[in-house]
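A.B. asks: Supplied in structure tokens, the structure appears directly below.
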Amino acid sequence: MPIIVLMNTDELYKIYLKNREVCTDTRQIKPGCIYFALKGDNFDGNAFAENALEQGASFAVIDDEKYAKDERFILVYDVLIALQNLAKYHREQLKIPVVGITGSNGKTTTKELLYSVLSQHCRTHATKGNLNNHIGVPLTILAIPENTDIAIIEMGANHQKEIEFLCSISQPSHGLITNIGKAHLEGFGGIEGVKKGKGELYDYLKKTDGTVFVNSENYLLVDLLRDKHVHKIVFYGKSADNFISGNLIMESPYLEVGWHREAMEFDDKTHTCKSNLSGIYNLENILSAICIGTFFKLDPEQVNRGIEVYQPQNFRSQVKKTDSNTLICDYYNANPSSMQVAIDNLKSLKADHKVLILADMFEMGKDAEKEHHLIAEKALHMEADLCIFIGEEFYKFKDESAQFYKTTKEAFDALKENPIKNSTILIKGSRGMKLESLVELL
């Protein structure tokens, strides 16, 4: 039978409308889906196209004609570009608000908080997990259900022009940069490169007359707004002149926040919400979710309920109480900015015995030695009862002031021999250090 050869997105979109499930992994095939045969460093998705169809996919989008056997194989020039173009075309058909979120730290937590808030009133769709790159963003957009009221798209980046590209696909009508810090320095080429890269969201929203939500106490973001000449701005923060202002009521171990809307909203009442989040740095994440939820007309009860039912997952600011210790599990990822605030948070907590377990930060490039040295110094000056450093980078500064281990396995063996008890322990490091192996011991 003839092979379908698609040279434009319009034709592929007609097929997509009849087969709304999209899949890129044959281990997750759903009946009636469209399989996109992406390539990776060590695999060619074309080779699995026939298998995808055998498992129930209706169509397989391929870019190597030797794998095509019948009309179910859709031949395109480049599968990845076809996926991205299809998502962009689909986004153009959607007449709903789309909130784009990026930042060096806190974007996934903020996205999940905001999803929890908006879902109290709106049919909300959000990025699953951290599918926030050039593949994840298109997949997120193509997964938006037909009856959705609002979407939240998380956008990650490790080099300049990436946010610009993701904005061209997701086309956010509203946006938030959580912060700008020392993350992915190797790819961005330093902190100025990070600033420029994250600022691409502001560039897009300026060009499209979109709305920006900004923490008024983050002067780096406020200055960036002025440089970009963004017009539609909604501020949140601690001071009373913000659209949403709020402050901590309690912080040990979970944050409780008091907040209110600006006077022009004719609501002078202070509202209180209790979260399941640890870490003072999460105050701005909570306030951003309150701000955006209120902007989209949710009442205070709905907003508070959304904050209060959110449970942190995936090792982000999770507090685990064991028989012998209180663990602050924050090892999904790490960079100098998130390390600093995590250390400051442990310092501020009320606890009799405090322990720091810090592991290497990845993607630091030429700044790796300097940044690890600064974090080690900060940790040691905190005067915790015990500091444990893990990884090749931290090991360069080994001395008698703390415990140093080259690998997580070495630290595991040492802690097994000499267990820590009756302590509040911060566990922080890059995901690749696999610090979760220490949790059972602690």
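Letters for chains follow the order of the structure tokens (A, B, ...), residue numbers begin at 1 for each chain, and ligand numbers begin at 1 in the order shown.
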Within segment 64-271 of chain A, find each residue whose DSSP state, derived from the backbone, is helix (DSSP H, G or I), and express the selection as an mmCIF file with N, CA, C and O atoms, in the first residue's frame.

C.D. replies:
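Once written, result_10.cif looks like this:
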```cif
data_model
loop_
_atom_site.group_PDB
_atom_site.id
_atom_site.type_symbol
_atom_site.label_atom_id
_atom_site.label_comp_id
_atom_site.auth_asym_id
_atom_site.auth_seq_id
_atom_site.Cartn_x
_atom_site.Cartn_y
_atom_site.Cartn_z
ATOM 1 N N GLU A 65 13.138 6.213 5.376
ATOM 2 C CA GLU A 65 12.149 5.502 4.567
ATOM 3 C C GLU A 65 12.375 3.999 4.499
ATOM 4 O O GLU A 65 11.450 3.239 4.181
ATOM 5 N N LYS A 66 13.568 3.539 4.840
ATOM 6 C CA LYS A 66 13.796 2.093 4.767
ATOM 7 C C LYS A 66 12.975 1.321 5.799
ATOM 8 O O LYS A 66 12.811 0.101 5.688
ATOM 9 N N TYR A 67 12.463 2.033 6.818
ATOM 10 C CA TYR A 67 11.650 1.367 7.838
ATOM 11 C C TYR A 67 10.158 1.391 7.496
ATOM 12 O O TYR A 67 9.355 0.775 8.185
ATOM 13 N N VAL A 79 12.011 13.872 12.379
ATOM 14 C CA VAL A 79 10.953 13.558 13.345
ATOM 15 C C VAL A 79 10.886 14.601 14.457
ATOM 16 O O VAL A 79 9.790 15.031 14.846
ATOM 17 N N LEU A 80 12.030 15.022 14.982
ATOM 18 C CA LEU A 80 12.022 15.998 16.071
ATOM 19 C C LEU A 80 11.400 17.314 15.617
ATOM 20 O O LEU A 80 10.548 17.891 16.313
ATOM 21 N N ILE A 81 11.808 17.794 14.459
ATOM 22 C CA ILE A 81 11.244 19.040 13.943
ATOM 23 C C ILE A 81 9.748 18.886 13.679
ATOM 24 O O ILE A 81 8.956 19.806 13.955
ATOM 25 N N ALA A 82 9.347 17.733 13.182
ATOM 26 C CA ALA A 82 7.924 17.476 12.944
ATOM 27 C C ALA A 82 7.140 17.535 14.252
ATOM 28 O O ALA A 82 6.038 18.101 14.311
ATOM 29 N N LEU A 83 7.693 16.950 15.320
ATOM 30 C CA LEU A 83 7.057 16.987 16.641
ATOM 31 C C LEU A 83 6.927 18.419 17.140
ATOM 32 O O LEU A 83 5.866 18.838 17.629
ATOM 33 N N GLN A 84 8.011 19.178 17.023
ATOM 34 C CA GLN A 84 8.002 20.568 17.504
ATOM 35 C C GLN A 84 7.043 21.435 16.695
ATOM 36 O O GLN A 84 6.296 22.252 17.262
ATOM 37 N N ASN A 85 7.032 21.259 15.386
ATOM 38 C CA ASN A 85 6.128 22.038 14.547
ATOM 39 C C ASN A 85 4.663 21.692 14.802
ATOM 40 O O ASN A 85 3.790 22.567 14.770
ATOM 41 N N LEU A 86 4.414 20.409 15.061
ATOM 42 C CA LEU A 86 3.050 19.987 15.363
ATOM 43 C C LEU A 86 2.575 20.630 16.668
ATOM 44 O O LEU A 86 1.434 21.113 16.757
ATOM 45 N N ALA A 87 3.440 20.647 17.678
ATOM 46 C CA ALA A 87 3.083 21.259 18.966
ATOM 47 C C ALA A 87 2.846 22.758 18.804
ATOM 48 O O ALA A 87 1.886 23.308 19.363
ATOM 49 N N LYS A 88 3.698 23.410 18.049
ATOM 50 C CA LYS A 88 3.534 24.847 17.813
ATOM 51 C C LYS A 88 2.216 25.129 17.110
ATOM 52 O O LYS A 88 1.478 26.064 17.480
ATOM 53 N N TYR A 89 1.884 24.326 16.123
ATOM 54 C CA TYR A 89 0.632 24.505 15.379
ATOM 55 C C TYR A 89 -0.566 24.274 16.301
ATOM 56 O O TYR A 89 -1.551 25.017 16.264
ATOM 57 N N HIS A 90 -0.472 23.260 17.147
ATOM 58 C CA HIS A 90 -1.561 22.970 18.092
ATOM 59 C C HIS A 90 -1.733 24.119 19.081
ATOM 60 O O HIS A 90 -2.865 24.520 19.390
ATOM 61 N N ARG A 91 -0.620 24.650 19.572
ATOM 62 C CA ARG A 91 -0.707 25.782 20.514
ATOM 63 C C ARG A 91 -1.419 26.968 19.867
ATOM 64 O O ARG A 91 -2.206 27.675 20.526
ATOM 65 N N GLU A 92 -1.193 27.183 18.591
ATOM 66 C CA GLU A 92 -1.820 28.309 17.900
ATOM 67 C C GLU A 92 -3.337 28.157 17.805
ATOM 68 O O GLU A 92 -4.053 29.150 17.652
ATOM 69 N N GLN A 93 -3.832 26.930 17.922
ATOM 70 C CA GLN A 93 -5.276 26.700 17.867
ATOM 71 C C GLN A 93 -5.933 26.885 19.235
ATOM 72 O O GLN A 93 -7.160 27.010 19.321
ATOM 73 N N LYS A 107 11.637 26.228 39.829
ATOM 74 C CA LYS A 107 10.583 26.278 38.807
ATOM 75 C C LYS A 107 9.637 25.082 38.879
ATOM 76 O O LYS A 107 8.429 25.236 38.673
ATOM 77 N N THR A 108 10.151 23.885 39.178
ATOM 78 C CA THR A 108 9.263 22.729 39.269
ATOM 79 C C THR A 108 8.363 22.827 40.498
ATOM 80 O O THR A 108 7.156 22.553 40.416
ATOM 81 N N THR A 109 8.912 23.227 41.636
ATOM 82 C CA THR A 109 8.092 23.410 42.835
ATOM 83 C C THR A 109 7.028 24.467 42.604
ATOM 84 O O THR A 109 5.854 24.286 42.963
ATOM 85 N N THR A 110 7.407 25.587 41.985
ATOM 86 C CA THR A 110 6.451 26.649 41.688
ATOM 87 C C THR A 110 5.369 26.159 40.742
ATOM 88 O O THR A 110 4.173 26.440 40.931
ATOM 89 N N LYS A 111 5.767 25.420 39.723
ATOM 90 C CA LYS A 111 4.796 24.877 38.766
ATOM 91 C C LYS A 111 3.801 23.962 39.454
ATOM 92 O O LYS A 111 2.589 24.045 39.214
ATOM 93 N N GLU A 112 4.295 23.086 40.346
ATOM 94 C CA GLU A 112 3.409 22.152 41.033
ATOM 95 C C GLU A 112 2.491 22.876 42.015
ATOM 96 O O GLU A 112 1.308 22.530 42.157
ATOM 97 N N LEU A 113 3.006 23.871 42.708
ATOM 98 C CA LEU A 113 2.184 24.678 43.611
ATOM 99 C C LEU A 113 1.081 25.390 42.825
ATOM 100 O O LEU A 113 -0.092 25.395 43.233
ATOM 101 N N LEU A 114 1.469 26.006 41.729
ATOM 102 C CA LEU A 114 0.505 26.745 40.920
ATOM 103 C C LEU A 114 -0.553 25.799 40.347
ATOM 104 O O LEU A 114 -1.748 26.137 40.317
ATOM 105 N N TYR A 115 -0.143 24.636 39.910
ATOM 106 C CA TYR A 115 -1.099 23.646 39.411
ATOM 107 C C TYR A 115 -2.096 23.269 40.508
ATOM 108 O O TYR A 115 -3.306 23.175 40.263
ATOM 109 N N SER A 116 -1.587 23.044 41.720
ATOM 110 C CA SER A 116 -2.455 22.690 42.837
ATOM 111 C C SER A 116 -3.451 23.805 43.133
ATOM 112 O O SER A 116 -4.627 23.547 43.419
ATOM 113 N N VAL A 117 -3.003 25.058 43.044
ATOM 114 C CA VAL A 117 -3.878 26.216 43.302
ATOM 115 C C VAL A 117 -4.924 26.352 42.201
ATOM 116 O O VAL A 117 -6.135 26.390 42.463
ATOM 117 N N LEU A 118 -4.486 26.446 40.955
ATOM 118 C CA LEU A 118 -5.418 26.694 39.851
ATOM 119 C C LEU A 118 -6.419 25.552 39.686
ATOM 120 O O LEU A 118 -7.567 25.773 39.283
ATOM 121 N N GLY A 136 10.314 17.741 25.786
ATOM 122 C CA GLY A 136 9.284 17.745 26.815
ATOM 123 C C GLY A 136 8.219 18.807 26.625
ATOM 124 O O GLY A 136 7.027 18.564 26.861
ATOM 125 N N VAL A 137 8.624 20.016 26.218
ATOM 126 C CA VAL A 137 7.646 21.093 26.023
ATOM 127 C C VAL A 137 6.658 20.750 24.899
ATOM 128 O O VAL A 137 5.439 20.880 25.081
ATOM 129 N N PRO A 138 7.122 20.298 23.717
ATOM 130 C CA PRO A 138 6.149 19.868 22.701
ATOM 131 C C PRO A 138 5.220 18.759 23.178
ATOM 132 O O PRO A 138 4.013 18.793 22.906
ATOM 133 N N LEU A 139 5.757 17.780 23.900
ATOM 134 C CA LEU A 139 4.918 16.695 24.404
ATOM 135 C C LEU A 139 3.874 17.219 25.384
ATOM 136 O O LEU A 139 2.721 16.758 25.395
ATOM 137 N N THR A 140 4.269 18.173 26.219
ATOM 138 C CA THR A 140 3.331 18.764 27.173
ATOM 139 C C THR A 140 2.193 19.471 26.453
ATOM 140 O O THR A 140 1.017 19.332 26.811
ATOM 141 N N ILE A 141 2.526 20.231 25.425
ATOM 142 C CA ILE A 141 1.497 20.970 24.682
ATOM 143 C C ILE A 141 0.551 20.018 23.961
ATOM 144 O O ILE A 141 -0.674 20.206 23.972
ATOM 145 N N LEU A 142 1.090 18.977 23.360
ATOM 146 C CA LEU A 142 0.253 18.028 22.625
ATOM 147 C C LEU A 142 -0.616 17.183 23.549
ATOM 148 O O LEU A 142 -1.577 16.556 23.105
ATOM 149 N N GLU A 162 17.717 28.948 24.195
ATOM 150 C CA GLU A 162 16.843 27.804 24.409
ATOM 151 C C GLU A 162 15.457 28.245 24.870
ATOM 152 O O GLU A 162 14.439 27.733 24.380
ATOM 153 N N ILE A 163 15.381 29.190 25.815
ATOM 154 C CA ILE A 163 14.086 29.700 26.258
ATOM 155 C C ILE A 163 13.378 30.417 25.109
ATOM 156 O O ILE A 163 12.159 30.288 24.936
ATOM 157 N N GLU A 164 14.128 31.140 24.314
ATOM 158 C CA GLU A 164 13.547 31.805 23.143
ATOM 159 C C GLU A 164 12.876 30.783 22.229
ATOM 160 O O GLU A 164 11.742 30.994 21.748
ATOM 161 N N PHE A 165 13.556 29.663 21.999
ATOM 162 C CA PHE A 165 13.012 28.620 21.134
ATOM 163 C C PHE A 165 11.777 27.977 21.763
ATOM 164 O O PHE A 165 10.761 27.764 21.091
ATOM 165 N N LEU A 166 11.835 27.674 23.067
ATOM 166 C CA LEU A 166 10.701 27.042 23.733
ATOM 167 C C LEU A 166 9.490 27.978 23.782
ATOM 168 O O LEU A 166 8.346 27.525 23.710
ATOM 169 N N CYS A 167 9.742 29.284 23.895
ATOM 170 C CA CYS A 167 8.644 30.256 23.853
ATOM 171 C C CYS A 167 7.986 30.273 22.477
ATOM 172 O O CYS A 167 6.764 30.441 22.361
ATOM 173 N N SER A 168 8.783 30.092 21.432
ATOM 174 C CA SER A 168 8.215 30.087 20.078
ATOM 175 C C SER A 168 7.263 28.914 19.878
ATOM 176 O O SER A 168 6.338 28.988 19.072
ATOM 177 N N ILE A 169 7.471 27.837 20.644
ATOM 178 C CA ILE A 169 6.589 26.665 20.567
ATOM 179 C C ILE A 169 5.400 26.816 21.516
ATOM 180 O O ILE A 169 4.247 26.654 21.125
ATOM 181 N N SER A 170 5.676 27.146 22.782
ATOM 182 C CA SER A 170 4.622 27.183 23.803
ATOM 183 C C SER A 170 3.816 28.474 23.794
ATOM 184 O O SER A 170 2.687 28.506 24.274
ATOM 185 N N LEU A 185 26.228 26.865 34.642
ATOM 186 C CA LEU A 185 27.212 27.894 34.273
ATOM 187 C C LEU A 185 28.043 27.466 33.072
ATOM 188 O O LEU A 185 28.440 28.304 32.258
ATOM 189 N N GLU A 186 28.296 26.167 32.957
ATOM 190 C CA GLU A 186 29.122 25.673 31.860
ATOM 191 C C GLU A 186 28.471 25.977 30.508
ATOM 192 O O GLU A 186 29.107 26.465 29.585
ATOM 193 N N GLY A 187 27.155 25.699 30.410
ATOM 194 C CA GLY A 187 26.458 25.921 29.148
ATOM 195 C C GLY A 187 26.156 27.380 28.862
ATOM 196 O O GLY A 187 26.225 27.825 27.713
ATOM 197 N N PHE A 188 25.839 28.142 29.915
ATOM 198 C CA PHE A 188 25.479 29.549 29.737
ATOM 199 C C PHE A 188 26.693 30.460 29.617
ATOM 200 O O PHE A 188 26.580 31.598 29.164
ATOM 201 N N ILE A 191 27.359 33.787 34.871
ATOM 202 C CA ILE A 191 26.104 34.310 35.405
ATOM 203 C C ILE A 191 25.447 35.312 34.451
ATOM 204 O O ILE A 191 24.212 35.372 34.353
ATOM 205 N N GLU A 192 26.226 36.086 33.723
ATOM 206 C CA GLU A 192 25.633 37.030 32.765
ATOM 207 C C GLU A 192 24.933 36.273 31.633
ATOM 208 O O GLU A 192 23.907 36.723 31.116
ATOM 209 N N GLY A 193 25.483 35.115 31.279
ATOM 210 C CA GLY A 193 24.842 34.285 30.277
ATOM 211 C C GLY A 193 23.533 33.703 30.782
ATOM 212 O O GLY A 193 22.553 33.589 30.029
ATOM 213 N N VAL A 194 23.494 33.335 32.087
ATOM 214 C CA VAL A 194 22.255 32.852 32.695
ATOM 215 C C VAL A 194 21.196 33.952 32.650
ATOM 216 O O VAL A 194 20.042 33.713 32.277
ATOM 217 N N LYS A 195 21.598 35.157 33.029
ATOM 218 C CA LYS A 195 20.679 36.306 33.040
ATOM 219 C C LYS A 195 20.097 36.555 31.652
ATOM 220 O O LYS A 195 18.884 36.745 31.485
ATOM 221 N N LYS A 196 20.958 36.523 30.665
ATOM 222 C CA LYS A 196 20.503 36.764 29.298
ATOM 223 C C LYS A 196 19.573 35.642 28.830
ATOM 224 O O LYS A 196 18.543 35.893 28.194
ATOM 225 N N GLY A 197 19.935 34.393 29.166
ATOM 226 C CA GLY A 197 19.136 33.255 28.736
ATOM 227 C C GLY A 197 17.752 33.238 29.358
ATOM 228 O O GLY A 197 16.746 33.042 28.665
ATOM 229 N N LYS A 198 17.669 33.430 30.669
ATOM 230 C CA LYS A 198 16.366 33.439 31.328
ATOM 231 C C LYS A 198 15.541 34.645 30.885
ATOM 232 O O LYS A 198 14.311 34.569 30.781
ATOM 233 N N GLU A 200 15.114 35.778 28.132
ATOM 234 C CA GLU A 200 14.442 35.563 26.841
ATOM 235 C C GLU A 200 12.937 35.384 27.015
ATOM 236 O O GLU A 200 12.158 35.673 26.097
ATOM 237 N N LEU A 201 12.492 34.950 28.210
ATOM 238 C CA LEU A 201 11.055 34.877 28.475
ATOM 239 C C LEU A 201 10.452 36.281 28.508
ATOM 240 O O LEU A 201 9.373 36.516 27.948
ATOM 241 N N TYR A 202 11.153 37.216 29.155
ATOM 242 C CA TYR A 202 10.689 38.610 29.174
ATOM 243 C C TYR A 202 10.669 39.194 27.765
ATOM 244 O O TYR A 202 9.755 39.942 27.404
ATOM 245 N N ASP A 203 11.682 38.854 26.967
ATOM 246 C CA ASP A 203 11.723 39.340 25.580
ATOM 247 C C ASP A 203 10.471 38.906 24.827
ATOM 248 O O ASP A 203 9.855 39.706 24.113
ATOM 249 N N TYR A 204 10.107 37.649 24.997
ATOM 250 C CA TYR A 204 8.943 37.131 24.277
ATOM 251 C C TYR A 204 7.662 37.824 24.745
ATOM 252 O O TYR A 204 6.826 38.223 23.926
ATOM 253 N N LEU A 205 7.495 37.965 26.055
ATOM 254 C CA LEU A 205 6.271 38.556 26.586
ATOM 255 C C LEU A 205 6.187 40.048 26.282
ATOM 256 O O LEU A 205 5.087 40.586 26.130
ATOM 257 N N LYS A 206 7.323 40.713 26.178
ATOM 258 C CA LYS A 206 7.322 42.117 25.740
ATOM 259 C C LYS A 206 6.824 42.197 24.298
ATOM 260 O O LYS A 206 5.967 43.015 23.952
ATOM 261 N N LYS A 207 7.340 41.320 23.457
ATOM 262 C CA LYS A 207 6.998 41.331 22.029
ATOM 263 C C LYS A 207 5.523 40.997 21.796
ATOM 264 O O LYS A 207 4.898 41.531 20.880
ATOM 265 N N TYR A 219 15.829 42.116 42.979
ATOM 266 C CA TYR A 219 16.247 43.308 42.228
ATOM 267 C C TYR A 219 16.883 42.952 40.883
ATOM 268 O O TYR A 219 16.836 43.756 39.948
ATOM 269 N N LEU A 220 17.440 41.772 40.783
ATOM 270 C CA LEU A 220 18.003 41.333 39.506
ATOM 271 C C LEU A 220 16.892 41.209 38.464
ATOM 272 O O LEU A 220 17.041 41.656 37.319
ATOM 273 N N LEU A 221 15.764 40.632 38.872
ATOM 274 C CA LEU A 221 14.631 40.501 37.953
ATOM 275 C C LEU A 221 13.977 41.846 37.664
ATOM 276 O O LEU A 221 13.572 42.114 36.529
ATOM 277 N N VAL A 222 13.878 42.691 38.686
ATOM 278 C CA VAL A 222 13.275 44.017 38.486
ATOM 279 C C VAL A 222 14.110 44.843 37.525
ATOM 280 O O VAL A 222 13.575 45.514 36.619
ATOM 281 N N ASP A 223 15.430 44.794 37.687
ATOM 282 C CA ASP A 223 16.317 45.516 36.758
ATOM 283 C C ASP A 223 16.193 44.952 35.348
ATOM 284 O O ASP A 223 16.220 45.707 34.363
ATOM 285 N N LEU A 224 16.075 43.649 35.241
ATOM 286 C CA LEU A 224 15.938 43.007 33.932
ATOM 287 C C LEU A 224 14.642 43.451 33.255
ATOM 288 O O LEU A 224 14.613 43.694 32.041
ATOM 289 N N LEU A 225 13.581 43.594 34.040
ATOM 290 C CA LEU A 225 12.310 44.085 33.510
ATOM 291 C C LEU A 225 12.471 45.473 32.900
ATOM 292 O O LEU A 225 11.955 45.766 31.823
ATOM 293 N N ARG A 226 13.187 46.328 33.616
ATOM 294 C CA ARG A 226 13.395 47.686 33.120
ATOM 295 C C ARG A 226 14.202 47.669 31.825
ATOM 296 O O ARG A 226 13.905 48.409 30.884
ATOM 297 N N ASP A 227 15.219 46.797 31.791
ATOM 298 C CA ASP A 227 16.039 46.706 30.576
ATOM 299 C C ASP A 227 15.206 46.241 29.381
ATOM 300 O O ASP A 227 15.431 46.681 28.251
ATOM 301 N N LYS A 228 14.257 45.361 29.641
ATOM 302 C CA LYS A 228 13.446 44.791 28.562
ATOM 303 C C LYS A 228 12.235 45.659 28.224
ATOM 304 O O LYS A 228 11.561 45.412 27.222
ATOM 305 N N ALA A 263 -4.691 47.051 48.466
ATOM 306 C CA ALA A 263 -5.875 47.758 48.944
ATOM 307 C C ALA A 263 -6.932 47.951 47.866
ATOM 308 O O ALA A 263 -8.133 47.918 48.142
ATOM 309 N N MET A 264 -6.499 48.136 46.616
ATOM 310 C CA MET A 264 -7.471 48.403 45.559
ATOM 311 C C MET A 264 -8.397 47.215 45.303
ATOM 312 O O MET A 264 -9.421 47.343 44.650
ATOM 313 N N GLU A 265 -8.041 46.061 45.864
ATOM 314 C CA GLU A 265 -8.901 44.893 45.711
ATOM 315 C C GLU A 265 -10.000 44.875 46.777
ATOM 316 O O GLU A 265 -10.816 43.963 46.834
#
```

A.B. asks: Where does DSSP see strand (DSSP E or B) in segment 187-348 of chain A, if you list the residues as a PyMOL selection string?

C.D. replies: chain A and resi 211-215+232-237+244-250+256-261+271-274+318-321+325-330

A.B. asks: What's around His373 of chain A at 12 Å? Count only C-alpha atoms, leave out sequence neighbours fewer than 5 positions away in its own chain, and write the answer as an MDAnalysis selection string.

C.D. replies: chainID A and resid 336 360:361 367:368 378:380 389 393:398

A.B. asks: Next, dump the selected residues to file, keeping only N, CA, C and O atoms, as a CSV table (one decimal), in the first residue's frame.

C.D. replies:
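Heads up, here's the output in result08.csv:
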```
chain,number,residue,atom,x,y,z
A,336,PRO,N,25.2,26.4,43.1
A,336,PRO,CA,25.6,27.3,44.2
A,336,PRO,C,24.5,28.1,44.8
A,336,PRO,O,24.5,28.3,46.0
A,360,ASP,N,28.7,17.0,45.5
A,360,ASP,CA,29.1,17.8,44.3
A,360,ASP,C,28.0,18.3,43.5
A,360,ASP,O,26.9,17.7,43.4
A,361,MET,N,28.2,19.5,42.9
A,361,MET,CA,27.3,20.2,42.0
A,361,MET,C,27.8,20.0,40.6
A,361,MET,O,29.0,20.3,40.3
A,367,ASP,N,34.1,27.1,36.6
A,367,ASP,CA,33.9,27.7,37.9
A,367,ASP,C,33.7,26.6,39.0
A,367,ASP,O,33.5,26.9,40.1
A,368,ALA,N,33.9,25.3,38.6
A,368,ALA,CA,33.6,24.3,39.6
A,368,ALA,C,34.4,24.4,40.9
A,368,ALA,O,33.9,24.3,42.0
A,378,LYS,N,31.2,28.3,53.4
A,378,LYS,CA,29.9,28.7,54.0
A,378,LYS,C,29.4,27.7,54.9
A,378,LYS,O,28.9,28.0,56.0
A,379,ALA,N,29.5,26.4,54.5
A,379,ALA,CA,29.0,25.3,55.3
A,379,ALA,C,29.7,25.2,56.7
A,379,ALA,O,29.1,25.1,57.7
A,380,LEU,N,31.0,25.4,56.6
A,380,LEU,CA,31.9,25.3,57.8
A,380,LEU,C,31.7,26.4,58.7
A,380,LEU,O,31.7,26.3,59.9
A,389,PHE,N,31.1,16.2,53.4
A,389,PHE,CA,31.2,16.6,52.0
A,389,PHE,C,31.5,15.3,51.1
A,389,PHE,O,32.3,14.5,51.5
A,393,GLU,N,34.9,17.0,43.6
A,393,GLU,CA,35.2,18.4,43.7
A,393,GLU,C,35.3,18.9,45.2
A,393,GLU,O,36.3,19.6,45.5
A,394,PHE,N,34.4,18.5,46.1
A,394,PHE,CA,34.6,18.9,47.5
A,394,PHE,C,35.8,18.2,48.1
A,394,PHE,O,36.5,18.8,49.0
A,395,TYR,N,36.2,17.0,47.6
A,395,TYR,CA,37.3,16.3,48.2
A,395,TYR,C,38.7,17.1,48.0
A,395,TYR,O,39.6,16.9,48.8
A,396,LYS,N,38.7,18.0,47.1
A,396,LYS,CA,39.9,18.8,46.8
A,396,LYS,C,40.2,19.6,48.0
A,396,LYS,O,41.4,20.1,48.2
A,397,PHE,N,39.3,19.9,48.9
A,397,PHE,CA,39.5,20.8,50.0
A,397,PHE,C,39.5,20.0,51.4
A,397,PHE,O,39.3,20.6,52.4
A,398,LYS,N,39.8,18.7,51.3
A,398,LYS,CA,39.8,17.9,52.4
A,398,LYS,C,40.8,18.4,53.5
A,398,LYS,O,41.9,18.7,53.3
```

A.B. asks: For atom CA of Met339 of chain A and atom CA of Asn325 of chain A, quote the distance in Å rounded to one decimal.

C.D. replies: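 That distance, rounded to one decimal, is 21.0 Å.
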
A.B. asks: Residues near Lys232 of chain A, anyone? I mean within 8 Å using only C-alpha atoms, not counting same-chain ones fewer than 4 positions away, as number ranges by chain.

C.D. replies: A: 209-212

A.B. asks: What's the 12 Å shell around Gln55 of chain A, counting only C-alpha atoms, without same-chain residues fewer than 5 positions away, as a ChimeraX atom specification?

C.D. replies: /A:23,25-35,48-50,60

A.B. asks: Leaving out segment 233-250 of chain A and any residue of its chain fewer than 5 positions from it, which residues lie within 6 Å of it when counting only C-alpha atoms, given as a list in words?

C.D. replies: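 Answer for this query is Thr211, Val212, Phe213, Val214, Asn215, Ser216, Leu255, Glu256, Val257, Gly258, Trp259, His260, Arg261, Glu262 and Cys291 of chain A.
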
A.B. asks: Just checking: using only C-alpha atoms, which residue out of A:Ser58, A:Ser288, A:Thr208, A:Asn345 ends up closest to Glu251 of chain A?

C.D. replies: A:Asn345

A.B. asks: So that I can see what lies close to segment 354-358 of chain A, please list as a ChimeraX atom specification the residues with an atom at most 8 Å from it, counting only C-alpha atoms and leaving out residues fewer than 3 positions away in the same chain.

C.D. replies: /A:343,346,351,379,384-390,423-429

A.B. asks: Take the residues from that selection and write them out as a PDB file, in the first residue's frame, keeping C-alpha atoms.

C.D. replies:
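This is the output file part-v9.pdb:
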```pdb
ATOM      1  CA  ILE A 343      22.424  26.051  54.168  1.00  0.00           C
ATOM      2  CA  LEU A 346      19.166  24.854  58.115  1.00  0.00           C
ATOM      3  CA  ALA A 351      17.119  22.172  66.319  1.00  0.00           C
ATOM      4  CA  ALA A 379      28.959  25.328  55.345  1.00  0.00           C
ATOM      5  CA  ALA A 384      26.860  22.775  62.397  1.00  0.00           C
ATOM      6  CA  ASP A 385      27.505  19.829  64.679  1.00  0.00           C
ATOM      7  CA  LEU A 386      28.843  17.884  61.708  1.00  0.00           C
ATOM      8  CA  CYS A 387      29.665  18.626  58.052  1.00  0.00           C
ATOM      9  CA  ILE A 388      30.016  15.814  55.530  1.00  0.00           C
ATOM     10  CA  PHE A 389      31.203  16.563  51.984  1.00  0.00           C
ATOM     11  CA  ILE A 390      30.891  14.015  49.172  1.00  0.00           C
ATOM     12  CA  SER A 423      19.766  15.276  64.454  1.00  0.00           C
ATOM     13  CA  THR A 424      18.226  17.530  61.820  1.00  0.00           C
ATOM     14  CA  ILE A 425      20.085  16.686  58.610  1.00  0.00           C
ATOM     15  CA  LEU A 426      20.207  18.586  55.327  1.00  0.00           C
ATOM     16  CA  ILE A 427      20.986  16.268  52.383  1.00  0.00           C
ATOM     17  CA  LYS A 428      21.818  18.338  49.300  1.00  0.00           C
ATOM     18  CA  GLY A 429      23.636  17.633  46.036  1.00  0.00           C
TER      19      GLY A 429
END
```

A.B. asks: Let me make sure I understand: among A:Thr407, A:Gln340, A:Asn105, A:Gln318, which one has the smallest atom-to-atom distance to Leu374 of chain A if we use only C-alpha atoms?

C.D. replies: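 Result for the nearest residue to Leu374 of chain A: A:Gln340.
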
A.B. asks: Of the residues A:Lys128, A:Lys161, A:Lys366, A:Lys434, which is the one nearest to Phe412 of chain A, using only C-alpha atoms?

C.D. replies: A:Lys434

A.B. asks: Tell me which of A:Tyr405, A:Glu440, A:Ser119, A:Glu369 sits closest to Asn304 of chain A, counting only C-alpha atoms.

C.D. replies: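 The closest residue to Asn304 of chain A is A:Ser119.
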